[in-house]
>>> print(open('my_file.cif').read())   # mmCIF, C-alpha atoms
data_my_file
#
loop_
_atom_site.label_atom_id
_atom_site.label_comp_id
_atom_site.auth_asym_id
_atom_site.auth_seq_id
_atom_site.Cartn_x
_atom_site.Cartn_y
_atom_site.Cartn_z
CA MET A 275 0.00 0.00 0.00
CA ILE A 276 2.85 2.36 0.85
CA ALA A 277 4.56 1.56 -2.45
CA PHE A 278 1.31 2.31 -4.27
CA LEU A 279 1.17 5.76 -2.71
CA GLN A 280 4.65 6.61 -3.94
CA VAL A 281 3.86 8.68 -7.04
CA GLY A 282 7.34 10.00 -7.78
CA TRP A 283 7.63 7.73 -10.82
CA LEU A 284 4.54 9.29 -12.42
CA PRO A 285 4.63 12.26 -14.83
CA ARG A 286 4.46 15.61 -13.07
CA GLU A 287 0.91 16.26 -14.30
CA LEU A 288 -0.37 13.03 -12.75
CA GLN A 289 1.58 13.68 -9.56
CA MET A 290 -0.34 16.94 -9.19
CA ILE A 291 -3.60 15.02 -9.40
CA PHE A 292 -2.68 12.37 -6.82
CA THR A 293 -1.23 14.91 -4.41
CA GLY A 294 -3.73 17.67 -5.20
CA GLU A 295 -6.88 18.92 -3.56
CA PRO A 296 -9.96 16.67 -3.22
CA THR A 297 -11.92 18.88 -5.65
CA THR A 298 -9.24 18.35 -8.30
CA LYS A 299 -9.35 14.60 -7.81
CA VAL A 300 -13.15 14.53 -8.02
CA VAL A 301 -13.28 16.65 -11.18
CA VAL A 302 -10.52 14.67 -12.88
CA GLY A 303 -12.22 11.42 -11.88
CA VAL A 304 -15.53 12.52 -13.40
CA LEU A 305 -13.76 13.69 -16.57
CA ALA A 306 -11.92 10.38 -16.83
CA LEU A 307 -15.28 8.60 -16.58
CA PHE A 308 -16.66 10.90 -19.29
CA SER A 309 -13.72 10.06 -21.50
CA LEU A 310 -14.18 6.30 -21.04
CA ILE A 311 -17.90 6.58 -21.82
CA SER A 312 -17.27 8.68 -24.93
CA TRP A 313 -14.66 6.28 -26.29
CA ALA A 314 -16.94 3.30 -25.64
CA ILE A 315 -19.71 5.05 -27.59
CA ILE A 316 -17.30 6.04 -30.37
CA LEU A 317 -16.15 2.43 -30.87
CA TRP A 318 -19.74 1.17 -30.72
CA LYS A 319 -21.02 3.67 -33.28
CA ALA A 320 -18.03 3.09 -35.55
CA ARG A 321 -18.86 -0.63 -35.69
CA GLN A 322 -22.53 0.17 -36.26
CA PHE A 323 -21.90 2.50 -39.19
CA LYS A 324 -19.33 0.13 -40.68
CA LYS A 325 -21.91 -2.65 -40.66
CA LEU A 326 -24.52 -0.25 -42.04
CA ARG A 327 -22.28 0.58 -44.99
CA LYS A 328 -21.86 -3.12 -45.79
CA ASP A 329 -25.61 -3.70 -45.44
CA GLY A 330 -26.33 -0.84 -47.82
CA ALA A 331 -23.90 -2.13 -50.43
CA ARG A 332 -25.37 -5.64 -50.22
CA PHE A 333 -28.92 -4.28 -50.51
CA VAL A 334 -28.15 -2.09 -53.53
CA ALA A 335 -26.35 -4.96 -55.27
CA ALA A 336 -29.35 -7.23 -54.71
CA VAL A 337 -31.87 -4.68 -55.99
CA GLU A 338 -29.82 -3.84 -59.08
CA ARG A 339 -29.99 -7.48 -60.20
CA THR A 340 -33.80 -7.36 -60.42
CA GLN A 341 -36.10 -5.89 -63.04
CA ARG A 342 -39.50 -5.79 -61.39
CA LEU A 343 -40.88 -5.24 -57.90
CA GLU A 344 -41.92 -8.84 -57.33
CA GLU A 345 -38.40 -10.02 -58.27
CA ALA A 346 -36.85 -7.54 -55.85
CA TYR A 347 -39.23 -8.67 -53.12
CA LYS A 348 -38.19 -12.33 -53.51
CA VAL A 349 -34.49 -11.46 -53.50
CA ILE A 350 -34.66 -9.08 -50.55
CA MET A 351 -36.72 -11.49 -48.46
CA ARG A 352 -33.70 -13.82 -48.55
CA LEU A 353 -31.33 -11.14 -47.24
CA PRO A 354 -30.56 -10.72 -43.52
CA GLU A 355 -32.77 -8.16 -41.82
CA THR A 356 -31.26 -4.67 -41.97
CA ALA A 357 -32.54 -1.10 -41.95
CA TYR A 358 -32.80 -1.15 -45.75
CA THR A 359 -34.69 -4.43 -45.95
CA ARG A 360 -37.07 -3.34 -43.20
CA VAL A 361 -38.03 -0.22 -45.14
CA PHE A 362 -38.57 -2.28 -48.29
CA ARG A 363 -40.57 -4.97 -46.52
CA GLN A 364 -42.78 -2.48 -44.69
CA GLY A 365 -43.47 -0.68 -47.97
CA THR A 366 -44.25 -3.83 -49.94
CA ASN A 367 -46.30 -5.37 -47.12
CA PHE A 368 -48.43 -2.24 -46.79
CA PHE A 369 -48.83 -2.07 -50.56
CA SER A 370 -49.93 -5.71 -50.56
CA GLU A 371 -52.49 -4.94 -47.88
CA LEU A 372 -53.89 -2.13 -50.02
CA ARG A 373 -53.86 -4.33 -53.14
CA PRO A 374 -53.90 -8.03 -52.15
CA GLY A 375 -52.14 -10.14 -54.77
CA ALA A 376 -50.53 -7.10 -56.41
CA LEU A 377 -47.05 -8.66 -56.20
CA ARG A 378 -47.97 -11.57 -58.41
CA GLU A 379 -46.45 -11.39 -61.88
CA ASP A 380 -49.83 -11.89 -63.54
CA ALA A 381 -51.62 -9.39 -61.31
CA ASN A 382 -53.81 -6.90 -63.14
CA LEU A 383 -55.29 -4.72 -60.42
CA PRO A 384 -56.35 -1.07 -60.32
CA GLY A 385 -53.77 1.42 -59.02
CA LEU A 386 -53.75 3.15 -55.68
CA SER A 387 -55.91 6.14 -54.98
CA GLU A 388 -54.36 9.42 -53.88
CA THR A 389 -55.35 8.73 -50.29
CA GLN A 390 -53.77 5.28 -50.38
CA LEU A 391 -50.60 6.66 -51.94
CA ASN A 392 -50.34 9.27 -49.17
CA ALA A 393 -50.82 6.51 -46.60
CA LEU A 394 -48.01 4.52 -48.23
CA TRP A 395 -45.74 7.56 -48.03
CA LEU A 396 -46.58 7.95 -44.33
CA VAL A 397 -45.70 4.31 -43.66
CA LEU A 398 -42.36 4.68 -45.43
CA GLU A 399 -41.59 7.91 -43.56
CA LYS A 400 -42.47 6.27 -40.24
CA VAL A 401 -40.09 3.39 -40.88
CA GLN A 402 -37.36 5.83 -41.96
CA ASP A 403 -37.78 7.82 -38.74
CA GLU A 404 -37.63 4.65 -36.65
CA GLU A 405 -34.42 3.53 -38.36
CA ARG A 406 -32.84 6.95 -37.93
CA ASP A 407 -33.78 7.01 -34.24
CA ALA A 408 -32.27 3.55 -33.79
CA MET A 409 -29.00 4.62 -35.43
CA SER A 410 -28.82 7.85 -33.43
CA GLY A 411 -28.62 6.00 -30.12
CA GLY A 412 -25.68 7.16 -28.02
CA LEU A 413 -25.01 10.33 -30.00
CA VAL A 414 -26.77 12.50 -27.45
CA TRP A 415 -24.20 11.40 -24.84
CA LEU A 416 -21.34 12.40 -27.12
CA ALA A 417 -22.98 15.82 -27.45
CA ILE A 418 -23.43 16.10 -23.68
CA ILE A 419 -19.83 15.13 -22.97
CA GLY A 420 -18.52 17.44 -25.70
CA VAL A 421 -20.35 20.39 -24.14
CA THR A 422 -20.09 19.69 -20.41
CA ALA A 423 -16.54 18.31 -20.11
CA PRO A 424 -14.81 21.67 -20.84
CA LEU A 425 -17.21 23.45 -18.48
CA LEU A 426 -16.56 20.92 -15.74
CA GLY A 427 -12.82 21.28 -16.31
CA LEU A 428 -13.16 25.04 -16.11
CA LEU A 429 -15.10 24.70 -12.88
CA GLY A 430 -12.28 22.64 -11.43
CA THR A 431 -9.80 25.31 -12.54
CA VAL A 432 -11.82 28.10 -10.92
CA LEU A 433 -12.06 26.18 -7.67
CA GLY A 434 -8.35 25.40 -7.79
CA VAL A 435 -7.40 29.04 -8.40
CA MET A 436 -9.66 30.11 -5.53
CA HIS A 437 -7.92 27.61 -3.25
CA ALA A 438 -4.50 28.85 -4.40
CA PHE A 439 -5.38 32.44 -3.55
CA LEU A 440 -6.83 31.40 -0.21
CA GLY A 441 -3.53 29.69 0.48
CA ILE A 442 -1.73 32.98 -0.20
CA THR A 443 -3.86 34.75 2.40
CA VAL A 444 -3.07 32.05 4.96
CA THR A 445 0.69 31.93 4.35
CA GLY A 446 1.09 35.62 3.60
CA THR A 447 3.48 34.92 0.72
CA ALA A 448 2.69 35.87 -2.88
CA ASN A 449 5.87 34.93 -4.73
CA ILE A 450 5.82 32.83 -7.88
CA ALA A 451 7.17 29.77 -6.08
CA SER A 452 4.16 29.66 -3.77
CA VAL A 453 1.50 30.53 -6.36
CA ALA A 454 2.63 28.53 -9.39
CA PRO A 455 2.00 24.99 -8.03
CA GLY A 456 -1.58 25.83 -7.09
CA ILE A 457 -2.30 27.47 -10.45
CA ALA A 458 -0.73 24.57 -12.33
CA GLU A 459 -2.83 22.09 -10.35
CA ALA A 460 -5.94 24.13 -11.10
CA LEU A 461 -5.23 24.21 -14.84
CA ILE A 462 -4.86 20.43 -15.04
CA THR A 463 -8.65 20.03 -14.80
CA THR A 464 -9.16 22.27 -17.84
CA ALA A 465 -6.67 20.15 -19.76
CA PHE A 466 -8.51 16.97 -18.79
CA GLY A 467 -11.81 18.58 -19.77
CA LEU A 468 -10.49 19.31 -23.24
CA VAL A 469 -9.00 15.83 -23.56
CA ALA A 470 -12.44 14.37 -22.80
CA ALA A 471 -14.40 16.84 -24.93
CA ILE A 472 -12.41 17.04 -28.17
CA PRO A 473 -12.78 13.38 -29.26
CA ALA A 474 -16.45 13.41 -28.25
CA ALA A 475 -17.16 16.58 -30.25
CA ILE A 476 -15.30 15.34 -33.34
CA ALA A 477 -17.00 11.94 -33.21
CA TYR A 478 -20.43 13.50 -32.68
CA ASN A 479 -20.17 15.70 -35.75
CA TYR A 480 -18.77 12.85 -37.84
CA PHE A 481 -21.51 10.41 -36.84
CA VAL A 482 -24.24 13.01 -37.32
CA ASN A 483 -22.94 13.51 -40.86
CA ARG A 484 -23.04 9.74 -41.43
CA LEU A 485 -26.54 9.63 -39.95
CA ASP A 486 -27.73 12.36 -42.33
CA ARG A 487 -26.30 10.42 -45.27
CA PHE A 488 -28.05 7.28 -44.05
CA SER A 489 -31.35 9.16 -43.78
CA GLY A 490 -30.84 10.52 -47.29
CA GLU A 491 -30.25 7.00 -48.60
CA LEU A 492 -33.46 5.73 -47.01
CA GLU A 493 -35.41 8.70 -48.33
CA GLY A 494 -33.99 8.16 -51.80
CA PHE A 495 -34.87 4.49 -51.67
CA ALA A 496 -38.44 5.29 -50.60
CA SER A 497 -38.75 7.63 -53.58
CA GLU A 498 -37.39 4.91 -55.87
CA PHE A 499 -39.89 2.47 -54.41
CA ILE A 500 -42.79 4.79 -55.26
CA GLY A 501 -41.22 5.46 -58.67
CA THR A 502 -41.04 1.71 -59.35
CA LEU A 503 -44.72 1.34 -58.54
CA ALA A 504 -45.52 4.17 -60.93
CA ARG A 505 -43.28 2.78 -63.69
CA GLU A 506 -44.88 -0.63 -63.47
CA GLY A 507 -48.39 0.83 -63.52
CA ARG A 508 -49.23 -0.09 -59.95
CA LEU A 509 -50.29 3.43 -58.92
#
>>> encode(input="my_file.cif", output="structure tokens")
Amino acid sequence: MIAFLQVGWLPRELQMIFTGEPTTKVVVGVLALFSLISWAIILWKARQFKKLRKDGARFVAAVERTQRLEEAYKVIMRLPETAYTRVFRQGTNFFSELRPGALREDANLPGLSETQLNALWLVLEKVQDEERDAMSGGLVWLAIIGVTAPLLGLLGTVLGVMHAFLGITVTGTANIASVAPGIAEALITTAFGLVAAIPAAIAYNYFVNRLDRFSGELEGFASEFIGTLAREGRL
């Protein structure tokens, strides 16, 4: 236990934390927790979006091999369930409910009315919103950490500077040798706040951009789905 408390082998910045004021330790501890949470979310979302890119490429390749809606339906039903296949299946299932048997190759049914077409659009938009909400999970925490970590670090710095100046009033000395250690210890929390916030802010903006692209892809696919129905005379 005594050997553990010997911090002379640590970098000077970490020595200031272990030997610093309780407020500094608390703030740095919270910021370290923030950093761990943000990196866990970053790795999780990176894997999610990587898989999403592969799912999108597989879905597009499958659709491009088909000529008509019923062919695409048969091919996509054999694919693993993804965000793209769920949108397609919800659209085709709702269309089949409006026009039972419409996906048969020999089907010769009247097209959808304007009200039914609007309902189909609403179903597709609902599924798109659900998929976007599912993919946005965790991003709010990156935003929170990116905003609050610097403020928490600044709070620790303010408290540390206040303690340093209170120490001056107690000792009655105001030379650089007595003030500098306290100021340096106070600034370490701001540094930790930035270390926690910068990756979270960068990752948040990157993933939001990827999420917007994903939403655009789903919206474009929904438009293509309606366009296919129109081209094949199903509307």
>>> closest_residue(input="my_file.cif", among="A:Ala331, A:Ala417, A:Val349, A:Val401", to="A:Phe481", atoms="all atoms listed in the file")
A:Ala417
>>> atom_distance(input="my_file.cif", atom1="atom CA of A:Arg321", atom2="atom CA of A:Met409")
11.4 Å
>>> resolve_selection(input="my_file.cif", expression="the PyMOL selection byres ((chain A and resi 486) around 12)", output="JSON, numbers by chain")
{"A": [323, 402, 403, 405, 406, 407, 409, 410, 479, 480, 481, 482, 483, 484, 485, 487, 488, 489, 490, 491, 492, 493]}
>>> atom_distance(input="my_file.cif", atom1="atom CA of A:Gly507", atom2="atom CA of A:Arg373")
12.8 Å
>>> axis_aligned_box(input="my_file.cif", around="stretch 481-494 of chain A", padding_each_side="3 Å", output="AutoDock Vina command-line options")
--center_x -28.5 --center_y 9.6 --center_z -44.3 --size_x 19.9 --size_y 13.8 --size_z 21.0
>>> atom_distance(input="my_file.cif", atom1="atom CA of A:Phe369", atom2="atom CA of A:Thr389")
12.6 Å
>>> closest_residue(input="my_file.cif", among="A:Met351, A:Leu426, A:Ala438, A:Ile500", to="A:Arg363", atoms="all atoms listed in the file")
A:Met351
>>> resolve_selection(input="my_file.cif", expression="the PyMOL selection byres ((chain A and resi 471) around 10)", output="list in words")
Leu305, Phe308, Ser309, Ser312, Leu416, Ala417, Ile418, Ile419, Gly420, Val421, Thr422, Ala423, Pro424, Leu425, Gly427, Ala465, Phe466, Gly467, Leu468, Val469, Ala470, Ile472, Pro473, Ala474, Ala475, Ile476 and Ala477 of chain A
>>> closest_residue(input="my_file.cif", among="A:Ser387, A:Thr463, A:Thr359, A:Gln341", to="A:Leu326", atoms="all atoms listed in the file")
A:Thr359
>>> closest_residue(input="my_file.cif", among="A:Asp329, A:Glu506, A:Glu371, A:Glu459", to="A:Leu394", atoms="only C-alpha atoms")
A:Glu371
>>> resolve_selection(input="my_file.cif", expression="the PyMOL selection byres ((chain A and resi 390) around 12)", output="list in words")
Phe368, Phe369, Ser370, Glu371, Leu372, Arg373, Gly385, Leu386, Ser387, Glu388, Thr389, Leu391, Asn392, Ala393, Leu394, Trp395, Leu396, Val397, Arg508 and Leu509 of chain A
>>> closest_residue(input="my_file.cif", among="A:Val302, A:Leu433, A:Ile315, A:Leu353", to="A:Gly411", atoms="only C-alpha atoms")
A:Ile315
>>> closest_residue(input="my_file.cif", among="A:Ala458, A:Ala346, A:Ala408, A:Leu413", to="A:Val432", atoms="all atoms listed in the file")
A:Ala458
